[in-house]
>>> print(open('coords27.pdb').read())   # PDB, C-alpha atoms and all ligand atoms
ATOM      1  CA  MET S1389     -14.513  -0.911  17.766
ATOM      2  CA  SER S1390     -11.480  -2.852  16.525
ATOM      3  CA  ILE S1391      -9.115  -1.614  13.849
ATOM      4  CA  LEU S1392     -10.626  -4.200  11.514
ATOM      5  CA  ASP S1393     -14.146  -2.887  12.140
ATOM      6  CA  LEU S1394     -12.939   0.646  11.587
ATOM      7  CA  PHE S1395     -11.599  -0.086   8.123
ATOM      8  CA  LEU S1396     -14.211  -2.598   6.973
ATOM      9  CA  THR S1397     -16.540   0.127   5.745
ATOM     10  CA  LEU S1398     -13.823   2.388   4.334
ATOM     11  CA  ASP S1399     -12.531   2.150   0.773
ATOM     12  CA  ARG S1400      -8.919   2.834   1.730
ATOM     13  CA  ALA S1401      -6.661   1.864   4.621
ATOM     14  CA  GLY S1402      -3.748   3.976   3.448
ATOM     15  CA  PRO S1403      -2.894   6.888   1.147
ATOM     16  CA  GLY S1404      -3.200   6.484  -2.609
ATOM     17  CA  ASP S1405      -5.209   7.492  -5.644
ATOM     18  CA  VAL S1406      -5.940   6.485  -9.194
ATOM     19  CA  GLU S1407      -3.543   9.072 -10.625
ATOM     20  CA  SER S1408      -0.489   7.602  -8.878
ATOM     21  CA  LEU S1409      -1.668   4.063  -9.626
ATOM     22  CA  ARG S1410      -1.920   4.862 -13.345
ATOM     23  CA  TRP S1411       1.550   6.439 -13.189
ATOM     24  CA  ALA S1412       2.923   3.169 -11.771
ATOM     25  CA  LEU S1413       1.201   1.064 -14.442
ATOM     26  CA  ASP S1414       2.669   3.307 -17.106
ATOM     27  CA  VAL S1415       6.202   3.096 -15.662
ATOM     28  CA  ALA S1416       5.870  -0.672 -15.234
ATOM     29  CA  GLY S1417       4.588  -1.052 -18.815
ATOM     30  CA  THR S1418       1.837  -3.340 -17.549
ATOM     31  CA  PRO S1419       0.313  -4.909 -20.677
ATOM     32  CA  PRO S1420      -3.360  -5.633 -21.493
ATOM     33  CA  GLY S1421      -4.399  -8.964 -20.050
ATOM     34  CA  ALA S1422      -1.783  -8.658 -17.298
ATOM     35  CA  ARG S1423      -1.844 -11.064 -14.381
ATOM     36  CA  VAL S1424      -1.800  -8.774 -11.353
ATOM     37  CA  LEU S1425      -1.492  -9.538  -7.648
ATOM     38  CA  ASP S1426      -2.800  -6.843  -5.269
ATOM     39  CA  ALA S1427      -0.791  -7.851  -2.182
ATOM     40  CA  GLY S1428      -2.243  -6.579   1.105
ATOM     41  CA  CYS S1429      -5.348  -5.356  -0.707
ATOM     42  CA  GLY S1430      -7.310  -4.319   2.402
ATOM     43  CA  THR S1431     -10.890  -3.603   1.382
ATOM     44  CA  GLY S1432      -9.804  -3.229  -2.236
ATOM     45  CA  ALA S1433      -8.612   0.377  -2.303
ATOM     46  CA  ASP S1434      -6.922  -0.232  -5.648
ATOM     47  CA  THR S1435      -8.438  -3.511  -6.814
ATOM     48  CA  GLY S1436     -11.198  -1.838  -8.836
ATOM     49  CA  ASP S1437      -8.815   0.715 -10.325
ATOM     50  CA  LEU S1438      -6.416  -2.052 -11.383
ATOM     51  CA  LEU S1439      -9.321  -3.823 -13.114
ATOM     52  CA  ALA S1440     -10.446  -0.596 -14.765
ATOM     53  CA  ALA S1441      -7.014   0.649 -15.818
ATOM     54  CA  ILE S1442      -5.648  -2.545 -17.391
ATOM     55  CA  PRO S1443      -7.746  -3.928 -20.254
ATOM     56  CA  GLU S1444      -8.689  -7.568 -19.609
ATOM     57  CA  ALA S1445      -6.611  -7.646 -16.434
ATOM     58  CA  GLN S1446      -6.649 -10.791 -14.328
ATOM     59  CA  VAL S1447      -6.487  -9.409 -10.810
ATOM     60  CA  THR S1448      -5.994 -11.467  -7.663
ATOM     61  CA  ALA S1449      -6.470  -9.566  -4.403
ATOM     62  CA  LEU S1450      -4.647 -11.030  -1.411
ATOM     63  CA  ASP S1451      -4.964 -10.091   2.243
ATOM     64  CA  ALA S1452      -4.258 -11.757   5.572
ATOM     65  CA  ALA S1453      -7.546 -10.489   7.031
ATOM     66  CA  GLU S1454     -10.479 -12.659   5.937
ATOM     67  CA  PRO S1455     -13.130  -9.952   6.590
ATOM     68  CA  PHE S1456     -11.322  -7.641   4.140
ATOM     69  CA  VAL S1457     -11.118 -10.450   1.588
ATOM     70  CA  SER S1458     -14.886 -10.950   1.922
ATOM     71  CA  VAL S1459     -15.495  -7.267   1.265
ATOM     72  CA  VAL S1460     -13.308  -7.358  -1.861
ATOM     73  CA  ARG S1461     -15.081 -10.478  -3.095
ATOM     74  CA  THR S1462     -18.426  -8.683  -2.861
ATOM     75  CA  LYS S1463     -17.262  -5.327  -4.197
ATOM     76  CA  PHE S1464     -15.181  -6.620  -7.100
ATOM     77  CA  PRO S1465     -16.527  -9.929  -8.398
ATOM     78  CA  ALA S1466     -14.261  -9.588 -11.451
ATOM     79  CA  ALA S1467     -11.240 -10.052  -9.191
ATOM     80  CA  ARG S1468     -10.200 -13.251  -7.437
ATOM     81  CA  ALA S1469     -10.014 -12.481  -3.712
ATOM     82  CA  VAL S1470      -7.937 -14.786  -1.515
ATOM     83  CA  GLU S1471      -6.962 -14.867   2.130
ATOM     84  CA  GLY S1472      -3.275 -15.466   2.714
ATOM     85  CA  ASP S1473       0.131 -14.221   3.697
ATOM     86  CA  MET S1474       2.026 -12.079   1.207
ATOM     87  CA  ARG S1475       5.186 -13.934   2.266
ATOM     88  CA  HIS S1476       3.718 -16.929   0.428
ATOM     89  CA  PRO S1477       1.679 -15.423  -2.416
ATOM     90  CA  PRO S1478      -0.356 -17.428  -4.906
ATOM     91  CA  SER S1479       2.225 -18.711  -7.347
ATOM     92  CA  GLY S1480       1.239 -16.644 -10.392
ATOM     93  CA  PRO S1481       3.339 -15.943 -12.361
ATOM     94  CA  TRP S1482       2.530 -12.233 -12.060
ATOM     95  CA  ASP S1483       3.175  -9.521 -14.602
ATOM     96  CA  LEU S1484       2.695  -7.004 -11.801
ATOM     97  CA  ILE S1485       2.664  -7.289  -8.043
ATOM     98  CA  TRP S1486       1.051  -4.146  -6.673
ATOM     99  CA  SER S1487       1.203  -3.442  -2.939
ATOM    100  CA  ALA S1488      -0.077  -0.163  -1.502
ATOM    101  CA  GLY S1489       1.041   0.650   2.032
ATOM    102  CA  ALA S1490       1.334  -2.992   3.048
ATOM    103  CA  VAL S1491       4.962  -4.037   2.503
ATOM    104  CA  TYR S1492       5.954  -2.559   5.887
ATOM    105  CA  ASN S1493       4.180  -5.508   7.517
ATOM    106  CA  ILE S1494       6.973  -7.861   6.465
ATOM    107  CA  GLY S1495       9.700  -5.434   5.327
ATOM    108  CA  VAL S1496      10.922  -4.446   1.883
ATOM    109  CA  THR S1497      13.714  -7.017   1.588
ATOM    110  CA  GLU S1498      11.548  -9.921   2.723
ATOM    111  CA  ALA S1499       8.745  -8.912   0.365
ATOM    112  CA  LEU S1500      11.043  -8.632  -2.654
ATOM    113  CA  ASN S1501      12.744 -11.942  -1.836
ATOM    114  CA  ALA S1502       9.371 -13.656  -1.449
ATOM    115  CA  TRP S1503       7.952 -12.224  -4.669
ATOM    116  CA  ARG S1504      10.907 -12.695  -7.018
ATOM    117  CA  PRO S1505      10.145 -16.368  -7.871
ATOM    118  CA  HIS S1506       6.517 -15.501  -8.623
ATOM    119  CA  LEU S1507       7.158 -12.834 -11.271
ATOM    120  CA  ALA S1508       6.638 -13.594 -14.949
ATOM    121  CA  PRO S1509       9.567 -12.787 -17.267
ATOM    122  CA  GLY S1510       9.611  -8.980 -17.521
ATOM    123  CA  GLY S1511       7.299  -8.720 -14.514
ATOM    124  CA  ARG S1512       7.527  -5.803 -12.120
ATOM    125  CA  VAL S1513       6.641  -4.889  -8.569
ATOM    126  CA  ALA S1514       5.107  -1.551  -7.557
ATOM    127  CA  PHE S1515       4.748  -0.705  -3.887
ATOM    128  CA  SER S1516       4.399   2.293  -1.582
ATOM    129  CA  ASP S1517       6.188   2.765   1.716
ATOM    130  CA  LEU S1518       6.189   5.524   4.330
ATOM    131  CA  ARG S1519       9.367   7.628   4.283
ATOM    132  CA  TRP S1520      10.708  11.039   5.306
ATOM    133  CA  THR S1521      10.643  13.504   2.416
ATOM    134  CA  THR S1522      13.414  15.561   4.006
ATOM    135  CA  ASP S1523      16.668  15.133   5.922
ATOM    136  CA  THR S1524      15.271  17.463   8.580
ATOM    137  CA  PRO S1525      11.755  16.242   9.439
ATOM    138  CA  ALA S1526       9.677  18.290  11.892
ATOM    139  CA  GLU S1527      10.263  17.282  15.511
ATOM    140  CA  GLY S1528       6.535  16.775  16.012
ATOM    141  CA  ALA S1529       6.470  14.263  13.165
ATOM    142  CA  VAL S1530       9.501  12.389  14.490
ATOM    143  CA  ALA S1531       7.874  12.203  17.933
ATOM    144  CA  HIS S1532       4.539  11.060  16.516
ATOM    145  CA  TRP S1533       5.951   8.191  14.466
ATOM    146  CA  ALA S1534       8.370   7.192  17.228
ATOM    147  CA  GLY S1535       5.316   6.948  19.477
ATOM    148  CA  GLU S1536       3.847   4.533  16.935
ATOM    149  CA  GLY S1537       7.046   2.483  17.147
ATOM    150  CA  LEU S1538       8.250   3.623  13.713
ATOM    151  CA  THR S1539      11.700   4.961  12.928
ATOM    152  CA  LEU S1540      11.373   6.235   9.386
ATOM    153  CA  THR S1541      14.140   6.684   6.854
ATOM    154  CA  GLY S1542      14.247   8.556   3.562
ATOM    155  CA  ALA S1543      13.870   7.761  -0.133
ATOM    156  CA  GLU S1544      17.603   7.122  -0.561
ATOM    157  CA  ALA S1545      17.581   4.471   2.179
ATOM    158  CA  LEU S1546      14.616   2.800   0.478
ATOM    159  CA  GLU S1547      16.417   2.733  -2.864
ATOM    160  CA  ALA S1548      19.551   1.352  -1.171
ATOM    161  CA  GLU S1549      17.515  -1.441   0.407
ATOM    162  CA  ILE S1550      15.923  -2.303  -2.939
ATOM    163  CA  THR S1551      19.313  -2.343  -4.671
ATOM    164  CA  ALA S1552      20.880  -4.467  -1.921
ATOM    165  CA  ALA S1553      18.067  -6.998  -2.382
ATOM    166  CA  GLY S1554      19.067  -7.352  -6.058
ATOM    167  CA  TRP S1555      16.408  -5.169  -7.673
ATOM    168  CA  ARG S1556      16.491  -2.030  -9.810
ATOM    169  CA  VAL S1557      14.262   1.015  -9.336
ATOM    170  CA  ILE S1558      12.780   1.983 -12.688
ATOM    171  CA  GLY S1559      10.556   4.754 -11.355
ATOM    172  CA  ALA S1560       9.881   6.495  -8.054
ATOM    173  CA  ARG S1561       7.697   9.361  -6.851
ATOM    174  CA  TRP S1562       5.789  10.592  -3.822
ATOM    175  CA  ILE S1563       2.079   9.796  -3.494
ATOM    176  CA  GLY S1564       1.352  13.438  -2.646
ATOM    177  CA  ARG S1565      -1.275  15.202  -0.585
ATOM    178  CA  ALA S1566      -4.242  14.251  -2.778
ATOM    179  CA  GLY S1567      -3.586  10.600  -1.992
ATOM    180  CA  TRP S1568      -3.491  11.317   1.737
ATOM    181  CA  ALA S1569      -6.721  13.317   1.586
ATOM    182  CA  ASN S1570      -8.264  10.397  -0.296
ATOM    183  CA  TYR S1571      -7.485   8.262   2.751
ATOM    184  CA  TYR S1572      -7.905  10.685   5.644
ATOM    185  CA  ASP S1573     -11.040  12.612   4.597
ATOM    186  CA  PRO S1574     -13.433   9.614   4.843
ATOM    187  CA  LEU S1575     -11.585   8.298   7.905
ATOM    188  CA  GLU S1576     -11.855  11.649   9.676
ATOM    189  CA  ALA S1577     -15.573  11.864   8.865
ATOM    190  CA  MET S1578     -16.111   8.404  10.288
ATOM    191  CA  LEU S1579     -14.104   9.150  13.460
ATOM    192  CA  ALA S1580     -16.241  12.223  14.119
ATOM    193  CA  ASP S1581     -19.170   9.920  14.890
ATOM    194  CA  GLU S1582     -17.200   7.516  17.085
ATOM    195  CA  LYS S1583     -16.737   7.385  20.849
ATOM    196  CA  ASP S1584     -13.375   8.609  22.174
ATOM    197  CA  THR S1585     -11.674   5.240  22.481
ATOM    198  CA  ALA S1586      -7.887   4.909  22.495
ATOM    199  CA  LEU S1587      -8.008   3.651  18.898
ATOM    200  CA  VAL S1588     -10.126   6.559  17.709
ATOM    201  CA  GLU S1589      -7.877   9.052  19.534
ATOM    202  CA  ALA S1590      -4.800   7.458  17.963
ATOM    203  CA  PHE S1591      -6.167   7.947  14.458
ATOM    204  CA  ARG S1592      -7.277  11.496  15.236
ATOM    205  CA  ALA S1593      -3.725  12.202  16.432
ATOM    206  CA  GLU S1594      -2.295  10.686  13.254
ATOM    207  CA  ILE S1595      -4.486  12.903  11.085
ATOM    208  CA  ALA S1596      -3.650  15.975  13.172
ATOM    209  CA  CYS S1597       0.051  15.169  12.799
ATOM    210  CA  TRP S1598      -0.306  15.012   9.021
ATOM    211  CA  LYS S1599      -2.134  18.346   8.903
ATOM    212  CA  LEU S1600       0.707  19.975  10.853
ATOM    213  CA  TYR S1601       3.761  18.115   9.623
ATOM    214  CA  GLY S1602       2.662  16.231   6.520
ATOM    215  CA  ASP S1603       5.341  17.968   4.443
ATOM    216  CA  SER S1604       7.949  15.941   6.344
ATOM    217  CA  TYR S1605       6.753  12.521   5.237
ATOM    218  CA  ASP S1606       4.904  10.757   2.460
ATOM    219  CA  TYR S1607       4.482   7.380   0.867
ATOM    220  CA  ARG S1608       7.220   6.687  -1.654
ATOM    221  CA  LEU S1609       5.785   4.807  -4.633
ATOM    222  CA  VAL S1610       8.413   2.746  -6.439
ATOM    223  CA  VAL S1611       8.331   0.510  -9.483
ATOM    224  CA  VAL S1612      11.087  -2.102  -9.374
ATOM    225  CA  GLU S1613      12.348  -5.065 -11.372
ATOM    226  CA  PRO S1614      14.703  -7.897 -10.461
ATOM    227  CA  VAL S1615      18.263  -7.405 -11.716
TER     228      VAL S1615
HETATM  229  C1  LIG S1701      -2.347  -0.287   5.569
HETATM  230  S1  LIG S1701      -3.328  -1.588   4.929
HETATM  231  C2  LIG S1701      -3.333  -1.173   3.192
HETATM  232  C3  LIG S1701      -4.476  -1.845   2.485
HETATM  233  C4  LIG S1701      -4.710  -1.413   1.041
HETATM  234  N1  LIG S1701      -3.629  -1.773   0.168
HETATM  235  C5  LIG S1701      -4.983   0.060   0.977
HETATM  236  O1  LIG S1701      -4.154   0.819   0.433
HETATM  237  O2  LIG S1701      -6.026   0.458   1.495
HETATM  238  C6  LIG S1701      -2.258  -3.000   5.024
HETATM  239  C7  LIG S1701      -2.960  -4.315   4.689
HETATM  240  O3  LIG S1701      -2.004  -5.361   4.718
HETATM  241  C8  LIG S1701      -2.638  -6.521   5.248
HETATM  242  N2  LIG S1701      -1.571  -7.416   5.721
HETATM  243  C9  LIG S1701      -0.784  -7.281   6.809
HETATM  244  N3  LIG S1701       0.115  -8.266   6.863
HETATM  245  C10 LIG S1701      -0.115  -9.064   5.780
HETATM  246  C11 LIG S1701       0.497 -10.243   5.277
HETATM  247  N4  LIG S1701       1.558 -10.799   5.886
HETATM  248  N5  LIG S1701       0.004 -10.785   4.151
HETATM  249  C12 LIG S1701      -1.063 -10.234   3.517
HETATM  250  N6  LIG S1701      -1.665  -9.104   3.936
HETATM  251  C13 LIG S1701      -1.199  -8.524   5.052
HETATM  252  C14 LIG S1701      -3.557  -5.989   6.324
HETATM  253  O4  LIG S1701      -4.580  -6.907   6.643
HETATM  254  C15 LIG S1701      -4.057  -4.713   5.664
HETATM  255  O5  LIG S1701      -5.234  -4.944   4.936
END
>>> encode(input="coords27.pdb", output="structure tokens")
Amino acid sequence: MSILDLFLTLDRAGPGDVESLRWALDVAGTPPGARVLDAGCGTGADTGDLLAAIPEAQVTALDAAEPFVSVVRTKFPAARAVEGDMRHPPSGPWDLIWSAGAVYNIGVTEALNAWRPHLAPGGRVAFSDLRWTTDTPAEGAVAHWAGEGLTLTGAEALEAEITAAGWRVIGARWIGRAGWANYYDPLEAMLADEKDTALVEAFRAEIACWKLYGDSYDYRLVVVEPV
């Protein structure tokens, strides 16, 4: 089973929930009828909630993986689902660019630079990114993420990167454990029925790491605007 196959039947490919999404919409002041881009939408973890939470929203869901785009097209016919690279998003303009757990693919600075010209006046970006929650993360967590090729930093480093790119943080919070459970519970149930391939073992190890050391890291959800 490939990573694509694994996530095709799951609703989420990263932590998040409707409560934190609604918080972001509130902070961003996303108006009724907003033009929203869900950048790196996966199988539409948040596409339906964006449609439901914003009256008369016009939601475009964008992902580089065509099979995910197909799933979104079927699941959420009220959204426009397009295959493409978030470095070159559909032109918009967008009142909100939402991106859950996907910005790391290109990096925060590159994403913000790419998206700036596509925002409507007063438009905002909300995205989540994996960060340490503490200056002293558990050694087991450091080792796990290093093994995945990731050297994490904290919330302050994220804010500094956003500021250096010429943006202002207007709200920030952690996703929290409910958002992780929302992602990991169905994934763990699915893995229980799978053969012990390297991919399956890797995700089991990731979930085990979170159960042990999940207090050391979380997704930072930020709402930002260009300065
Ligand atoms: C961790 S998943 C998160 C998906 C979804 N937002 C969620 O929370 O379930 C990251 C997604 O980003 C997509 N992706 C990776 N690089 C991309 C790019 N350059 N442009 C658009 N999508 C990309 C992947 O195909 C994947 O669906």
>>> atom_distance(input="coords27.pdb", atom1="CA of Val1588 (chain S)", atom2="CA of Ser1390 (chain S)")
9.6 Å
>>> closest_residue(input="coords27.pdb", among="S:Val1496, S:Val1447, S:Ala1553, S:Ile1442", to="Trp1482 (chain S)", atoms="only C-alpha atoms")
S:Val1447
>>> residues_around(input="coords27.pdb", residues="Ala1452 (chain S)", least_positions_apart="4", cutoff="9 Å", atoms="only C-alpha atoms", output="list of chain:residue names")
S:Gly1428, S:Gly1430, S:Phe1456, S:Val1457, S:Val1470, S:Glu1471, S:Gly1472, S:Asp1473, S:Met1474
>>> closest_atom_pairs(input="coords27.pdb", of="region 1484-1532 of chain S", to="region 1597-1614 of chain S", cutoff="6 Å", atoms="all atoms listed in the file", output="Markdown table")
| residue | atom | partner | partner_atom | distance |
| --- | --- | --- | --- | --- |
| S:Arg1512 | CA | S:Glu1613 | CA | 4.9 |
| S:Val1513 | CA | S:Val1612 | CA | 5.3 |
| S:Ala1514 | CA | S:Val1611 | CA | 4.3 |
| S:Phe1515 | CA | S:Val1610 | CA | 5.6 |
| S:Ser1516 | CA | S:Leu1609 | CA | 4.2 |
| S:Asp1517 | CA | S:Tyr1607 | CA | 5.0 |
| S:Leu1518 | CA | S:Tyr1607 | CA | 4.3 |
| S:Arg1519 | CA | S:Tyr1605 | CA | 5.6 |
| S:Trp1520 | CA | S:Tyr1605 | CA | 4.2 |
| S:Thr1521 | CA | S:Tyr1605 | CA | 4.9 |
| S:Thr1522 | CA | S:Ser1604 | CA | 6.0 |
| S:Pro1525 | CA | S:Ser1604 | CA | 4.9 |
| S:Ala1529 | CA | S:Tyr1601 | CA | 5.9 |
>>> closest_atom_pairs(input="coords27.pdb", of="chain S", to="ligand LIG 1701 (chain S)", cutoff="9 Å", atoms="only C-alpha atoms and all ligand atoms", output="Markdown table")
| residue | atom | partner | partner_atom | distance |
| --- | --- | --- | --- | --- |
| S:Leu1392 | CA | S:LIG1701 | O4 | 8.2 |
| S:Phe1395 | CA | S:LIG1701 | O5 | 8.6 |
| S:Leu1398 | CA | S:LIG1701 | O2 | 8.5 |
| S:Asp1399 | CA | S:LIG1701 | O2 | 6.8 |
| S:Arg1400 | CA | S:LIG1701 | O2 | 3.8 |
| S:Ala1401 | CA | S:LIG1701 | O2 | 3.5 |
| S:Gly1402 | CA | S:LIG1701 | O1 | 4.4 |
| S:Pro1403 | CA | S:LIG1701 | O1 | 6.2 |
| S:Gly1404 | CA | S:LIG1701 | O1 | 6.5 |
| S:Asp1426 | CA | S:LIG1701 | N1 | 7.5 |
| S:Ala1427 | CA | S:LIG1701 | C12 | 6.2 |
| S:Gly1428 | CA | S:LIG1701 | O3 | 3.8 |
| S:Cys1429 | CA | S:LIG1701 | N1 | 4.1 |
| S:Gly1430 | CA | S:LIG1701 | O5 | 3.3 |
| S:Thr1431 | CA | S:LIG1701 | O2 | 6.3 |
| S:Gly1432 | CA | S:LIG1701 | C4 | 6.3 |
| S:Ala1433 | CA | S:LIG1701 | O2 | 4.6 |
| S:Asp1434 | CA | S:LIG1701 | O1 | 6.8 |
| S:Thr1435 | CA | S:LIG1701 | N1 | 8.7 |
| S:Leu1450 | CA | S:LIG1701 | C12 | 6.1 |
| S:Asp1451 | CA | S:LIG1701 | N6 | 3.8 |
| S:Ala1452 | CA | S:LIG1701 | N6 | 4.1 |
| S:Ala1453 | CA | S:LIG1701 | O4 | 4.7 |
| S:Glu1454 | CA | S:LIG1701 | O4 | 8.3 |
| S:Phe1456 | CA | S:LIG1701 | O5 | 6.7 |
| S:Val1457 | CA | S:LIG1701 | O5 | 8.7 |
| S:Glu1471 | CA | S:LIG1701 | C12 | 7.6 |
| S:Gly1472 | CA | S:LIG1701 | C12 | 5.7 |
| S:Asp1473 | CA | S:LIG1701 | N5 | 3.5 |
| S:Met1474 | CA | S:LIG1701 | N5 | 3.8 |
| S:Arg1475 | CA | S:LIG1701 | N4 | 6.0 |
| S:His1476 | CA | S:LIG1701 | N5 | 8.1 |
| S:Pro1477 | CA | S:LIG1701 | N5 | 8.2 |
| S:Trp1486 | CA | S:LIG1701 | N1 | 8.6 |
| S:Ser1487 | CA | S:LIG1701 | N1 | 6.0 |
| S:Ala1488 | CA | S:LIG1701 | N1 | 4.2 |
| S:Gly1489 | CA | S:LIG1701 | C2 | 4.9 |
| S:Ala1490 | CA | S:LIG1701 | C6 | 4.1 |
| S:Val1491 | CA | S:LIG1701 | O3 | 7.4 |
| S:Tyr1492 | CA | S:LIG1701 | N3 | 8.2 |
| S:Asn1493 | CA | S:LIG1701 | N3 | 5.0 |
| S:Ile1494 | CA | S:LIG1701 | N4 | 6.2 |
| S:Ser1516 | CA | S:LIG1701 | O1 | 8.9 |
| S:Tyr1571 | CA | S:LIG1701 | O2 | 8.0 |
>>> atom_distance(input="coords27.pdb", atom1="CA of Ser1408 (chain S)", atom2="CA of Ala1580 (chain S)")
28.3 Å
>>> resolve_selection(input="coords27.pdb", expression="the PyMOL selection byres (((chain S and resi 1591) around 12) and not hetatm)", output="ChimeraX atom specification")
/S:1391,1394-1395,1401-1402,1532,1536,1571-1573,1575-1580,1582,1584-1590,1592-1598
>>> decode(input="coords27.pdb", residues="region 1563-1597 of chain S", atoms="C-alpha atoms", output="PDB file, in the first residue's frame")
ATOM      1  CA  ILE S1563      -4.521  22.666  17.543  1.00  0.00           C
ATOM      2  CA  GLY S1564      -4.646  20.572  20.723  1.00  0.00           C
ATOM      3  CA  ARG S1565      -5.091  16.894  21.454  1.00  0.00           C
ATOM      4  CA  ALA S1566      -8.659  16.631  20.146  1.00  0.00           C
ATOM      5  CA  GLY S1567      -7.407  17.572  16.693  1.00  0.00           C
ATOM      6  CA  TRP S1568      -4.702  14.908  16.839  1.00  0.00           C
ATOM      7  CA  ALA S1569      -7.172  12.253  17.983  1.00  0.00           C
ATOM      8  CA  ASN S1570      -9.406  13.300  15.092  1.00  0.00           C
ATOM      9  CA  TYR S1571      -6.538  12.366  12.779  1.00  0.00           C
ATOM     10  CA  TYR S1572      -4.901   9.439  14.558  1.00  0.00           C
ATOM     11  CA  ASP S1573      -7.943   7.475  15.790  1.00  0.00           C
ATOM     12  CA  PRO S1574      -9.229   6.526  12.294  1.00  0.00           C
ATOM     13  CA  LEU S1575      -5.663   6.078  11.027  1.00  0.00           C
ATOM     14  CA  GLU S1576      -4.789   3.752  13.901  1.00  0.00           C
ATOM     15  CA  ALA S1577      -7.956   1.714  13.315  1.00  0.00           C
ATOM     16  CA  MET S1578      -7.083   1.358   9.655  1.00  0.00           C
ATOM     17  CA  LEU S1579      -3.459   0.364  10.384  1.00  0.00           C
ATOM     18  CA  ALA S1580      -4.659  -2.401  12.701  1.00  0.00           C
ATOM     19  CA  ASP S1581      -5.981  -4.265   9.660  1.00  0.00           C
ATOM     20  CA  GLU S1582      -2.885  -3.736   7.511  1.00  0.00           C
ATOM     21  CA  LYS S1583       0.152  -5.935   6.930  1.00  0.00           C
ATOM     22  CA  ASP S1584       3.352  -4.892   8.729  1.00  0.00           C
ATOM     23  CA  THR S1585       4.964  -2.997   5.874  1.00  0.00           C
ATOM     24  CA  ALA S1586       7.613  -0.339   6.487  1.00  0.00           C
ATOM     25  CA  LEU S1587       5.020   2.370   5.796  1.00  0.00           C
ATOM     26  CA  VAL S1588       2.514   0.918   8.239  1.00  0.00           C
ATOM     27  CA  GLU S1589       5.223   0.508  10.904  1.00  0.00           C
ATOM     28  CA  ALA S1590       6.320   4.112  10.371  1.00  0.00           C
ATOM     29  CA  PHE S1591       2.821   5.420  11.033  1.00  0.00           C
ATOM     30  CA  ARG S1592       2.387   3.139  14.040  1.00  0.00           C
ATOM     31  CA  ALA S1593       5.658   4.545  15.409  1.00  0.00           C
ATOM     32  CA  GLU S1594       4.456   8.096  14.790  1.00  0.00           C
ATOM     33  CA  ILE S1595       1.239   7.453  16.701  1.00  0.00           C
ATOM     34  CA  ALA S1596       3.122   5.743  19.533  1.00  0.00           C
ATOM     35  CA  CYS S1597       5.463   8.737  19.726  1.00  0.00           C
TER      36      CYS S1597
END
